[in-house]
>>> print(open('structure_6.txt').read())   # compact mmCIF, N, CA and C atoms
# COMPACT_ATOMS: atom_id res chain seq x y z
N MET A 1 -32.83 0.29 21.04
CA MET A 1 -31.97 1.34 20.53
C MET A 1 -30.74 0.75 19.85
N LYS A 2 -30.11 -0.25 20.48
CA LYS A 2 -28.91 -0.86 19.92
C LYS A 2 -29.24 -1.58 18.60
N GLU A 3 -30.41 -2.22 18.57
CA GLU A 3 -30.82 -2.93 17.35
C GLU A 3 -31.00 -1.94 16.20
N ARG A 4 -31.53 -0.77 16.48
CA ARG A 4 -31.72 0.26 15.46
C ARG A 4 -30.37 0.72 14.91
N ASN A 5 -29.38 0.88 15.79
CA ASN A 5 -28.04 1.28 15.35
C ASN A 5 -27.41 0.22 14.46
N VAL A 6 -27.59 -1.04 14.83
CA VAL A 6 -27.04 -2.14 14.03
C VAL A 6 -27.70 -2.17 12.67
N LEU A 7 -29.01 -2.02 12.62
CA LEU A 7 -29.72 -2.01 11.34
C LEU A 7 -29.28 -0.82 10.48
N PHE A 8 -29.07 0.32 11.12
CA PHE A 8 -28.59 1.49 10.40
C PHE A 8 -27.19 1.23 9.82
N GLU A 9 -26.31 0.62 10.61
CA GLU A 9 -24.96 0.29 10.14
C GLU A 9 -25.02 -0.67 8.95
N ILE A 10 -25.85 -1.69 9.06
CA ILE A 10 -26.00 -2.68 7.97
C ILE A 10 -26.46 -1.98 6.70
N GLU A 11 -27.48 -1.13 6.84
CA GLU A 11 -28.00 -0.42 5.67
C GLU A 11 -26.94 0.50 5.06
N LYS A 12 -26.17 1.15 5.91
CA LYS A 12 -25.12 2.06 5.44
C LYS A 12 -24.06 1.30 4.63
N TYR A 13 -23.63 0.14 5.14
CA TYR A 13 -22.63 -0.66 4.43
C TYR A 13 -23.18 -1.24 3.13
N GLU A 14 -24.41 -1.71 3.16
CA GLU A 14 -25.01 -2.26 1.94
C GLU A 14 -25.16 -1.17 0.86
N THR A 15 -25.52 0.03 1.29
CA THR A 15 -25.64 1.14 0.35
C THR A 15 -24.28 1.47 -0.26
N TYR A 16 -23.26 1.50 0.58
CA TYR A 16 -21.91 1.79 0.09
C TYR A 16 -21.45 0.73 -0.91
N ILE A 17 -21.72 -0.53 -0.61
CA ILE A 17 -21.34 -1.62 -1.51
C ILE A 17 -22.05 -1.46 -2.85
N ASN A 18 -23.36 -1.25 -2.80
CA ASN A 18 -24.15 -1.23 -4.04
C ASN A 18 -23.96 0.04 -4.86
N GLU A 19 -23.82 1.17 -4.19
CA GLU A 19 -23.77 2.43 -4.93
C GLU A 19 -22.35 2.88 -5.27
N VAL A 20 -21.39 2.55 -4.44
CA VAL A 20 -20.02 3.02 -4.69
C VAL A 20 -19.13 1.92 -5.24
N LEU A 21 -18.97 0.85 -4.49
CA LEU A 21 -18.01 -0.19 -4.89
C LEU A 21 -18.42 -0.90 -6.17
N LYS A 22 -19.69 -1.27 -6.28
CA LYS A 22 -20.13 -1.97 -7.50
C LYS A 22 -20.09 -1.03 -8.71
N SER A 23 -20.38 0.25 -8.49
CA SER A 23 -20.28 1.23 -9.58
C SER A 23 -18.83 1.37 -10.04
N ASP A 24 -17.91 1.47 -9.07
CA ASP A 24 -16.48 1.55 -9.42
C ASP A 24 -16.03 0.30 -10.17
N LEU A 25 -16.49 -0.85 -9.72
CA LEU A 25 -16.13 -2.11 -10.38
C LEU A 25 -16.65 -2.15 -11.81
N ASN A 26 -17.86 -1.68 -12.03
CA ASN A 26 -18.42 -1.64 -13.39
C ASN A 26 -17.61 -0.72 -14.30
N LYS A 27 -17.19 0.44 -13.77
CA LYS A 27 -16.38 1.37 -14.56
C LYS A 27 -15.06 0.73 -14.95
N ILE A 28 -14.42 0.07 -13.99
CA ILE A 28 -13.14 -0.58 -14.27
C ILE A 28 -13.31 -1.71 -15.28
N CYS A 29 -14.39 -2.47 -15.15
CA CYS A 29 -14.64 -3.56 -16.10
C CYS A 29 -14.85 -3.02 -17.51
N SER A 30 -15.56 -1.89 -17.65
CA SER A 30 -15.75 -1.33 -18.99
C SER A 30 -14.44 -0.79 -19.55
N GLN A 31 -13.60 -0.19 -18.69
CA GLN A 31 -12.27 0.26 -19.14
C GLN A 31 -11.43 -0.93 -19.57
N LEU A 32 -11.53 -2.01 -18.83
CA LEU A 32 -10.78 -3.23 -19.15
C LEU A 32 -11.23 -3.80 -20.49
N ASP A 33 -12.53 -3.76 -20.75
CA ASP A 33 -13.05 -4.22 -22.04
C ASP A 33 -12.48 -3.39 -23.19
N GLU A 34 -12.42 -2.07 -22.99
CA GLU A 34 -11.86 -1.19 -24.02
C GLU A 34 -10.39 -1.50 -24.27
N VAL A 35 -9.64 -1.69 -23.20
CA VAL A 35 -8.21 -1.99 -23.34
C VAL A 35 -8.02 -3.33 -24.04
N ASN A 36 -8.82 -4.33 -23.68
CA ASN A 36 -8.72 -5.64 -24.33
C ASN A 36 -9.03 -5.55 -25.82
N THR A 37 -10.02 -4.75 -26.18
CA THR A 37 -10.36 -4.54 -27.59
C THR A 37 -9.21 -3.87 -28.32
N ASP A 38 -8.63 -2.84 -27.69
CA ASP A 38 -7.49 -2.14 -28.30
C ASP A 38 -6.32 -3.08 -28.51
N ILE A 39 -6.03 -3.91 -27.52
CA ILE A 39 -4.93 -4.87 -27.63
C ILE A 39 -5.16 -5.82 -28.80
N ALA A 40 -6.37 -6.33 -28.93
CA ALA A 40 -6.69 -7.26 -30.02
C ALA A 40 -6.52 -6.56 -31.38
N GLU A 41 -6.97 -5.31 -31.48
CA GLU A 41 -6.85 -4.58 -32.74
C GLU A 41 -5.39 -4.31 -33.10
N TYR A 42 -4.59 -3.92 -32.10
CA TYR A 42 -3.17 -3.65 -32.38
C TYR A 42 -2.41 -4.92 -32.73
N GLN A 43 -2.78 -6.05 -32.11
CA GLN A 43 -2.13 -7.31 -32.46
C GLN A 43 -2.49 -7.72 -33.88
N SER A 44 -3.74 -7.49 -34.26
CA SER A 44 -4.16 -7.78 -35.63
C SER A 44 -3.41 -6.89 -36.62
N LEU A 45 -3.26 -5.63 -36.29
CA LEU A 45 -2.52 -4.70 -37.15
C LEU A 45 -1.06 -5.12 -37.26
N GLN A 46 -0.50 -5.59 -36.16
CA GLN A 46 0.89 -6.05 -36.17
C GLN A 46 1.06 -7.23 -37.14
N LYS A 47 0.11 -8.15 -37.13
CA LYS A 47 0.16 -9.29 -38.05
C LYS A 47 0.06 -8.82 -39.50
N THR A 48 -0.82 -7.86 -39.74
CA THR A 48 -0.99 -7.33 -41.09
C THR A 48 0.30 -6.67 -41.58
N ILE A 49 0.93 -5.89 -40.71
CA ILE A 49 2.17 -5.22 -41.10
C ILE A 49 3.28 -6.24 -41.36
N ASN A 50 3.33 -7.30 -40.56
CA ASN A 50 4.30 -8.38 -40.82
C ASN A 50 4.05 -9.01 -42.19
N LEU A 51 2.78 -9.19 -42.54
CA LEU A 51 2.44 -9.73 -43.86
C LEU A 51 2.87 -8.76 -44.97
N LEU A 52 2.64 -7.47 -44.76
CA LEU A 52 3.07 -6.47 -45.74
C LEU A 52 4.60 -6.48 -45.90
N GLN A 53 5.29 -6.66 -44.78
CA GLN A 53 6.76 -6.72 -44.80
C GLN A 53 7.23 -7.90 -45.66
N GLU A 54 6.53 -9.04 -45.55
CA GLU A 54 6.89 -10.22 -46.36
C GLU A 54 6.70 -9.92 -47.85
N PHE A 55 5.58 -9.28 -48.19
CA PHE A 55 5.34 -8.92 -49.60
C PHE A 55 6.40 -7.96 -50.09
N LYS A 56 6.77 -6.99 -49.25
CA LYS A 56 7.78 -6.00 -49.63
C LYS A 56 9.13 -6.68 -49.85
N ASP A 57 9.50 -7.59 -48.94
CA ASP A 57 10.79 -8.28 -49.04
C ASP A 57 10.87 -9.12 -50.32
N LYS A 58 9.74 -9.64 -50.77
CA LYS A 58 9.73 -10.48 -51.97
C LYS A 58 9.44 -9.66 -53.23
N ASN A 59 9.32 -8.34 -53.09
CA ASN A 59 9.01 -7.45 -54.21
C ASN A 59 7.73 -7.86 -54.93
N GLN A 60 6.74 -8.27 -54.15
CA GLN A 60 5.45 -8.67 -54.72
C GLN A 60 4.45 -7.53 -54.59
N VAL A 61 3.46 -7.56 -55.46
CA VAL A 61 2.36 -6.59 -55.40
C VAL A 61 1.33 -7.15 -54.42
N TYR A 62 0.87 -6.32 -53.53
CA TYR A 62 -0.10 -6.72 -52.52
C TYR A 62 -1.50 -6.41 -53.04
N LYS A 63 -2.34 -7.44 -53.13
CA LYS A 63 -3.72 -7.27 -53.60
C LYS A 63 -4.65 -7.51 -52.42
N THR A 64 -5.67 -6.65 -52.34
CA THR A 64 -6.64 -6.77 -51.24
C THR A 64 -7.97 -6.16 -51.66
N MET A 65 -8.96 -6.33 -50.82
CA MET A 65 -10.26 -5.70 -51.03
C MET A 65 -10.34 -4.52 -50.07
N MET A 66 -10.75 -3.35 -50.57
CA MET A 66 -10.80 -2.15 -49.75
C MET A 66 -12.24 -1.64 -49.67
N ASP A 67 -12.64 -1.30 -48.45
CA ASP A 67 -13.96 -0.73 -48.22
C ASP A 67 -13.92 0.72 -48.68
N ILE A 68 -14.73 1.06 -49.67
CA ILE A 68 -14.75 2.44 -50.18
C ILE A 68 -15.94 3.22 -49.60
N GLY A 69 -16.62 2.63 -48.63
CA GLY A 69 -17.73 3.29 -47.95
C GLY A 69 -18.99 2.48 -48.04
N CYS A 70 -19.77 2.51 -46.98
CA CYS A 70 -21.06 1.82 -46.92
C CYS A 70 -20.93 0.33 -47.24
N ASN A 71 -19.86 -0.28 -46.83
CA ASN A 71 -19.59 -1.70 -47.06
C ASN A 71 -19.56 -2.07 -48.55
N PHE A 72 -19.12 -1.14 -49.39
CA PHE A 72 -18.85 -1.45 -50.79
C PHE A 72 -17.35 -1.65 -50.92
N PHE A 73 -16.96 -2.78 -51.51
CA PHE A 73 -15.56 -3.13 -51.61
C PHE A 73 -15.13 -3.16 -53.06
N MET A 74 -13.87 -2.83 -53.27
CA MET A 74 -13.30 -2.96 -54.60
C MET A 74 -11.89 -3.54 -54.46
N GLU A 75 -11.46 -4.24 -55.49
CA GLU A 75 -10.13 -4.84 -55.47
C GLU A 75 -9.08 -3.74 -55.65
N THR A 76 -8.04 -3.81 -54.83
CA THR A 76 -6.97 -2.82 -54.93
C THR A 76 -5.62 -3.53 -55.00
N ARG A 77 -4.67 -2.82 -55.58
CA ARG A 77 -3.28 -3.30 -55.63
C ARG A 77 -2.41 -2.23 -55.02
N VAL A 78 -1.47 -2.67 -54.19
CA VAL A 78 -0.54 -1.74 -53.57
C VAL A 78 0.85 -2.07 -54.10
N ASN A 79 1.40 -1.15 -54.88
CA ASN A 79 2.72 -1.38 -55.47
C ASN A 79 3.85 -0.98 -54.52
N ASP A 80 3.65 0.11 -53.76
CA ASP A 80 4.70 0.62 -52.88
C ASP A 80 4.33 0.31 -51.42
N LEU A 81 5.04 -0.63 -50.84
CA LEU A 81 4.78 -1.03 -49.46
C LEU A 81 5.81 -0.46 -48.49
N SER A 82 6.45 0.63 -48.87
CA SER A 82 7.53 1.15 -48.03
C SER A 82 7.01 1.95 -46.84
N HIS A 83 5.81 2.54 -46.95
CA HIS A 83 5.28 3.38 -45.87
C HIS A 83 3.82 3.02 -45.60
N ILE A 84 3.40 3.35 -44.38
CA ILE A 84 2.02 3.08 -43.96
C ILE A 84 1.57 4.23 -43.08
N LEU A 85 0.28 4.55 -43.12
CA LEU A 85 -0.29 5.57 -42.24
C LEU A 85 -0.96 4.87 -41.06
N LEU A 86 -0.63 5.33 -39.85
CA LEU A 86 -1.23 4.76 -38.65
C LEU A 86 -1.94 5.84 -37.86
N ASP A 87 -3.10 5.48 -37.33
CA ASP A 87 -3.82 6.37 -36.43
C ASP A 87 -3.13 6.29 -35.07
N ILE A 88 -2.53 7.39 -34.63
CA ILE A 88 -1.80 7.38 -33.37
C ILE A 88 -2.66 7.90 -32.22
N GLY A 89 -3.91 8.17 -32.48
CA GLY A 89 -4.84 8.62 -31.45
C GLY A 89 -5.38 10.00 -31.78
N GLN A 90 -6.57 10.28 -31.24
CA GLN A 90 -7.23 11.57 -31.44
C GLN A 90 -7.43 11.90 -32.91
N GLY A 91 -7.52 10.88 -33.76
CA GLY A 91 -7.75 11.11 -35.18
C GLY A 91 -6.54 11.61 -35.95
N CYS A 92 -5.37 11.55 -35.34
CA CYS A 92 -4.13 11.97 -36.00
C CYS A 92 -3.44 10.76 -36.63
N TYR A 93 -2.98 10.95 -37.85
CA TYR A 93 -2.29 9.88 -38.56
C TYR A 93 -0.85 10.30 -38.82
N LEU A 94 0.05 9.32 -38.69
CA LEU A 94 1.46 9.55 -39.02
C LEU A 94 1.91 8.52 -40.03
N GLU A 95 2.81 8.94 -40.89
CA GLU A 95 3.38 8.03 -41.88
C GLU A 95 4.61 7.37 -41.27
N PHE A 96 4.63 6.06 -41.32
CA PHE A 96 5.74 5.26 -40.80
C PHE A 96 6.27 4.34 -41.89
N THR A 97 7.54 3.98 -41.76
CA THR A 97 8.02 2.83 -42.53
C THR A 97 7.46 1.61 -41.81
N LEU A 98 7.50 0.46 -42.47
CA LEU A 98 6.96 -0.74 -41.83
C LEU A 98 7.71 -1.09 -40.55
N VAL A 99 9.02 -0.91 -40.55
CA VAL A 99 9.83 -1.20 -39.36
C VAL A 99 9.46 -0.23 -38.23
N GLU A 100 9.32 1.05 -38.56
CA GLU A 100 8.93 2.03 -37.55
C GLU A 100 7.53 1.74 -37.00
N ALA A 101 6.64 1.34 -37.89
CA ALA A 101 5.27 1.02 -37.46
C ALA A 101 5.27 -0.16 -36.49
N LEU A 102 6.08 -1.18 -36.78
CA LEU A 102 6.15 -2.33 -35.87
C LEU A 102 6.71 -1.92 -34.51
N LYS A 103 7.70 -1.03 -34.52
CA LYS A 103 8.27 -0.55 -33.25
C LYS A 103 7.23 0.26 -32.47
N PHE A 104 6.48 1.11 -33.17
CA PHE A 104 5.42 1.88 -32.53
C PHE A 104 4.38 0.95 -31.91
N LEU A 105 3.97 -0.07 -32.67
CA LEU A 105 2.97 -1.01 -32.17
C LEU A 105 3.49 -1.81 -30.97
N GLU A 106 4.76 -2.16 -31.00
CA GLU A 106 5.35 -2.88 -29.87
C GLU A 106 5.27 -2.03 -28.60
N ASN A 107 5.61 -0.75 -28.71
CA ASN A 107 5.54 0.16 -27.56
C ASN A 107 4.10 0.38 -27.11
N LYS A 108 3.20 0.51 -28.06
CA LYS A 108 1.79 0.72 -27.73
C LYS A 108 1.22 -0.50 -27.02
N LEU A 109 1.60 -1.70 -27.48
CA LEU A 109 1.12 -2.93 -26.83
C LEU A 109 1.68 -3.07 -25.42
N LYS A 110 2.94 -2.66 -25.21
CA LYS A 110 3.50 -2.68 -23.86
C LYS A 110 2.70 -1.76 -22.94
N PHE A 111 2.41 -0.56 -23.43
CA PHE A 111 1.63 0.40 -22.65
C PHE A 111 0.26 -0.16 -22.31
N LEU A 112 -0.42 -0.72 -23.32
CA LEU A 112 -1.76 -1.26 -23.09
C LEU A 112 -1.74 -2.47 -22.15
N THR A 113 -0.72 -3.29 -22.25
CA THR A 113 -0.60 -4.44 -21.36
C THR A 113 -0.39 -3.99 -19.91
N ASN A 114 0.43 -2.95 -19.72
CA ASN A 114 0.61 -2.39 -18.37
C ASN A 114 -0.70 -1.83 -17.84
N ARG A 115 -1.44 -1.15 -18.70
CA ARG A 115 -2.75 -0.60 -18.30
C ARG A 115 -3.71 -1.73 -17.95
N GLN A 116 -3.69 -2.79 -18.73
CA GLN A 116 -4.54 -3.95 -18.47
C GLN A 116 -4.20 -4.57 -17.11
N ASP A 117 -2.91 -4.72 -16.81
CA ASP A 117 -2.50 -5.27 -15.53
C ASP A 117 -2.95 -4.38 -14.37
N SER A 118 -2.82 -3.07 -14.55
CA SER A 118 -3.24 -2.12 -13.53
C SER A 118 -4.74 -2.22 -13.26
N LEU A 119 -5.52 -2.33 -14.33
CA LEU A 119 -6.97 -2.44 -14.17
C LEU A 119 -7.36 -3.76 -13.52
N HIS A 120 -6.66 -4.85 -13.85
CA HIS A 120 -6.91 -6.13 -13.18
C HIS A 120 -6.65 -6.01 -11.68
N GLU A 121 -5.58 -5.32 -11.33
CA GLU A 121 -5.23 -5.12 -9.93
C GLU A 121 -6.31 -4.33 -9.20
N LYS A 122 -6.75 -3.23 -9.81
CA LYS A 122 -7.80 -2.40 -9.20
C LYS A 122 -9.08 -3.20 -9.04
N SER A 123 -9.40 -3.98 -10.05
CA SER A 123 -10.60 -4.81 -10.00
C SER A 123 -10.53 -5.82 -8.86
N ALA A 124 -9.40 -6.45 -8.70
CA ALA A 124 -9.23 -7.44 -7.64
C ALA A 124 -9.34 -6.78 -6.26
N LYS A 125 -8.79 -5.58 -6.12
CA LYS A 125 -8.87 -4.87 -4.83
C LYS A 125 -10.32 -4.52 -4.49
N ILE A 126 -11.06 -4.06 -5.48
CA ILE A 126 -12.46 -3.70 -5.23
C ILE A 126 -13.27 -4.94 -4.89
N LYS A 127 -13.03 -6.04 -5.61
CA LYS A 127 -13.75 -7.29 -5.31
C LYS A 127 -13.44 -7.76 -3.89
N ALA A 128 -12.18 -7.65 -3.48
CA ALA A 128 -11.80 -8.04 -2.13
C ALA A 128 -12.48 -7.13 -1.10
N HIS A 129 -12.53 -5.84 -1.39
CA HIS A 129 -13.18 -4.89 -0.50
C HIS A 129 -14.66 -5.23 -0.34
N ILE A 130 -15.31 -5.57 -1.45
CA ILE A 130 -16.72 -5.95 -1.41
C ILE A 130 -16.91 -7.18 -0.54
N LYS A 131 -16.06 -8.19 -0.72
CA LYS A 131 -16.19 -9.42 0.06
C LYS A 131 -16.00 -9.16 1.55
N LEU A 132 -15.00 -8.34 1.89
CA LEU A 132 -14.78 -8.02 3.30
C LEU A 132 -15.97 -7.29 3.90
N MET A 133 -16.51 -6.35 3.17
CA MET A 133 -17.66 -5.61 3.69
C MET A 133 -18.88 -6.50 3.83
N LEU A 134 -19.06 -7.44 2.89
CA LEU A 134 -20.19 -8.37 3.00
C LEU A 134 -20.01 -9.29 4.21
N LEU A 135 -18.79 -9.71 4.47
CA LEU A 135 -18.54 -10.52 5.67
C LEU A 135 -18.87 -9.72 6.93
N TYR A 136 -18.48 -8.48 6.96
CA TYR A 136 -18.77 -7.62 8.11
C TYR A 136 -20.27 -7.44 8.28
N VAL A 137 -20.99 -7.23 7.18
CA VAL A 137 -22.45 -7.09 7.24
C VAL A 137 -23.07 -8.37 7.77
N ASN A 138 -22.57 -9.53 7.33
CA ASN A 138 -23.08 -10.80 7.84
C ASN A 138 -22.83 -10.94 9.34
N GLN A 139 -21.66 -10.52 9.78
CA GLN A 139 -21.36 -10.57 11.22
C GLN A 139 -22.30 -9.65 12.00
N LEU A 140 -22.56 -8.46 11.46
CA LEU A 140 -23.50 -7.56 12.12
C LEU A 140 -24.91 -8.18 12.17
N ASN A 141 -25.30 -8.81 11.08
CA ASN A 141 -26.60 -9.49 11.03
C ASN A 141 -26.69 -10.57 12.09
N ASP A 142 -25.64 -11.38 12.17
CA ASP A 142 -25.64 -12.47 13.14
C ASP A 142 -25.63 -11.96 14.58
N SER A 143 -24.95 -10.85 14.82
CA SER A 143 -24.83 -10.33 16.19
C SER A 143 -26.12 -9.70 16.68
N HIS A 144 -26.93 -9.20 15.79
CA HIS A 144 -28.14 -8.51 16.25
C HIS A 144 -29.36 -9.42 16.29
N LYS A 145 -29.25 -10.64 15.73
CA LYS A 145 -30.37 -11.57 15.77
C LYS A 145 -30.62 -12.04 17.20
N PRO A 146 -31.86 -12.09 17.60
CA PRO A 146 -32.16 -12.58 18.94
C PRO A 146 -31.91 -14.09 19.02
N THR A 147 -31.38 -14.55 20.12
CA THR A 147 -31.11 -15.98 20.29
C THR A 147 -32.17 -16.66 21.10
>>> encode(input="structure_6.txt", output="structure tokens")
Amino acid sequence: MKERNVLFEIEKYETYINEVLKSDLNKICSQLDEVNTDIAEYQSLQKTINLLQEFKDKNQVYKTMMDIGCNFFMETRVNDLSHILLDIGQGCYLEFTLVEALKFLENKLKFLTNRQDSLHEKSAKIKAHIKLMLLYVNQLNDSHKPT
């Protein structure tokens, strides 16, 4: 009877680890991947805006290749570098000056970095919980084995 209870406890903990904790860890890891991608994109945008600022300060015309759809590109020239449109989320765009855009990106990167830290913390807690539960399952296994 006692052996059956121990086996039931082991199975219950293993099920919890596999179905709940590992699922939660996978969700957090996918959220972390999204945040890391967003951070990389915003940092790239920040570099681009800094480059635009340099062209504006030197009163130069900015030339680039623009995707006009279906990976067809054409050469473009930008004469007025005073404003830029940024996607602020949910498909909404706002017009910013380059300085305002850099300030917006700085705040957005701070927010994303805080979110990244929070997700790392949650991930570490779940991993620790999994390890503790596996240790407990091993102890239960060892205790019920006949000597």
>>> select_by_dssp(input="structure_6.txt", residues="chain A", states="alpha helix (DSSP H)", output="PyMOL selection string")
chain A and resi 2-16+22-57+98-144
>>> closest_atom_pairs(input="structure_6.txt", of="range 6-88 of chain A", to="range 121-142 of chain A", cutoff="8 Å", atoms="all atoms listed in the file", output="Markdown table")
| residue | atom | partner | partner_atom | distance |
| --- | --- | --- | --- | --- |
| A:Val6 | C | A:Leu140 | C | 6.6 |
| A:Leu7 | N | A:Leu140 | C | 7.4 |
| A:Glu9 | C | A:Val137 | CA | 7.1 |
| A:Ile10 | CA | A:Val137 | CA | 5.7 |
| A:Glu11 | N | A:Val137 | CA | 7.8 |
| A:Tyr13 | C | A:Met133 | C | 6.8 |
| A:Glu14 | N | A:Val137 | CA | 7.0 |
| A:Ile17 | CA | A:Ile130 | CA | 6.3 |
| A:Leu21 | CA | A:Ile126 | CA | 6.6 |
| A:Lys22 | N | A:Ile130 | CA | 7.4 |
| A:Asp24 | C | A:Ile126 | CA | 7.3 |
| A:Leu25 | CA | A:Ser123 | CA | 6.2 |
| A:Ile28 | CA | A:Ser123 | CA | 6.5 |
| A:Cys29 | N | A:Ser123 | CA | 6.8 |
>>> atom_distance(input="structure_6.txt", atom1="CA of Glu3 in chain A", atom2="CA of Asn18 in chain A")
22.5 Å
>>> residues_around(input="structure_6.txt", residues="Met66 in chain A", least_positions_apart="5", cutoff="7 Å", atoms="all atoms listed in the file", output="PDB file with N, CA and C atoms, in the frame of the given file")
ATOM      1  N   PHE A  72     -19.120  -1.140 -49.390  1.00  0.00           N
ATOM      2  CA  PHE A  72     -18.850  -1.450 -50.790  1.00  0.00           C
ATOM      3  C   PHE A  72     -17.350  -1.650 -50.920  1.00  0.00           C
ATOM      4  N   PHE A  73     -16.960  -2.780 -51.510  1.00  0.00           N
ATOM      5  CA  PHE A  73     -15.560  -3.130 -51.610  1.00  0.00           C
ATOM      6  C   PHE A  73     -15.130  -3.160 -53.060  1.00  0.00           C
ATOM      7  N   MET A  74     -13.870  -2.830 -53.270  1.00  0.00           N
ATOM      8  CA  MET A  74     -13.300  -2.960 -54.600  1.00  0.00           C
ATOM      9  C   MET A  74     -11.890  -3.540 -54.460  1.00  0.00           C
ATOM     10  N   GLU A  75     -11.460  -4.240 -55.490  1.00  0.00           N
ATOM     11  CA  GLU A  75     -10.130  -4.840 -55.470  1.00  0.00           C
ATOM     12  C   GLU A  75      -9.080  -3.740 -55.650  1.00  0.00           C
ATOM     13  N   THR A  76      -8.040  -3.810 -54.830  1.00  0.00           N
ATOM     14  CA  THR A  76      -6.970  -2.820 -54.930  1.00  0.00           C
ATOM     15  C   THR A  76      -5.620  -3.530 -55.000  1.00  0.00           C
TER      16      THR A  76
END
>>> atom_distance(input="structure_6.txt", atom1="atom C of His120 in chain A", atom2="CA of Thr37 in chain A")
16.4 Å
>>> residues_around(input="structure_6.txt", residues="Asn50 in chain A", least_positions_apart="5", cutoff="10 Å", atoms="only C-alpha atoms", output="list of chain:residue names")
A:Ser44, A:Leu45, A:Phe55, A:Lys56, A:Leu98, A:Val99, A:Leu102
>>> atom_distance(input="structure_6.txt", atom1="atom C of Ile68 in chain A", atom2="atom N of Gly89 in chain A")
21.5 Å
>>> decode(input="structure_6.txt", residues="range 50-79 of chain A", atoms="C-alpha atoms", output="PDB file, in the first residue's frame")
ATOM      1  CA  ASN A  50      21.597  58.659 -35.591  1.00  0.00           C
ATOM      2  CA  LEU A  51      22.843  58.283 -39.175  1.00  0.00           C
ATOM      3  CA  LEU A  52      19.936  60.397 -40.443  1.00  0.00           C
ATOM      4  CA  GLN A  53      20.784  63.020 -37.814  1.00  0.00           C
ATOM      5  CA  GLU A  54      24.364  63.177 -39.158  1.00  0.00           C
ATOM      6  CA  PHE A  55      23.095  63.698 -42.715  1.00  0.00           C
ATOM      7  CA  LYS A  56      20.691  66.382 -41.499  1.00  0.00           C
ATOM      8  CA  ASP A  57      23.419  68.187 -39.536  1.00  0.00           C
ATOM      9  CA  LYS A  58      25.634  68.261 -42.637  1.00  0.00           C
ATOM     10  CA  ASN A  59      22.732  69.357 -44.894  1.00  0.00           C
ATOM     11  CA  GLN A  60      23.317  66.336 -47.113  1.00  0.00           C
ATOM     12  CA  VAL A  61      20.770  64.459 -49.196  1.00  0.00           C
ATOM     13  CA  TYR A  62      20.191  60.942 -47.910  1.00  0.00           C
ATOM     14  CA  LYS A  63      20.157  58.281 -50.639  1.00  0.00           C
ATOM     15  CA  THR A  64      18.917  54.757 -50.021  1.00  0.00           C
ATOM     16  CA  MET A  65      17.180  51.795 -51.617  1.00  0.00           C
ATOM     17  CA  MET A  66      13.491  51.435 -50.718  1.00  0.00           C
ATOM     18  CA  ASP A  67      11.384  48.298 -50.928  1.00  0.00           C
ATOM     19  CA  ILE A  68       8.312  49.225 -52.973  1.00  0.00           C
ATOM     20  CA  GLY A  69       6.733  45.787 -52.487  1.00  0.00           C
ATOM     21  CA  CYS A  70       7.463  42.152 -53.258  1.00  0.00           C
ATOM     22  CA  ASN A  71      11.192  42.755 -52.710  1.00  0.00           C
ATOM     23  CA  PHE A  72      11.410  45.245 -55.579  1.00  0.00           C
ATOM     24  CA  PHE A  73      13.736  48.101 -54.699  1.00  0.00           C
ATOM     25  CA  MET A  74      14.257  51.508 -56.178  1.00  0.00           C
ATOM     26  CA  GLU A  75      16.750  54.241 -55.395  1.00  0.00           C
ATOM     27  CA  THR A  76      15.317  57.075 -53.338  1.00  0.00           C
ATOM     28  CA  ARG A  77      16.530  60.450 -52.135  1.00  0.00           C
ATOM     29  CA  VAL A  78      15.322  62.102 -48.961  1.00  0.00           C
ATOM     30  CA  ASN A  79      15.739  65.864 -49.003  1.00  0.00           C
TER      31      ASN A  79
END
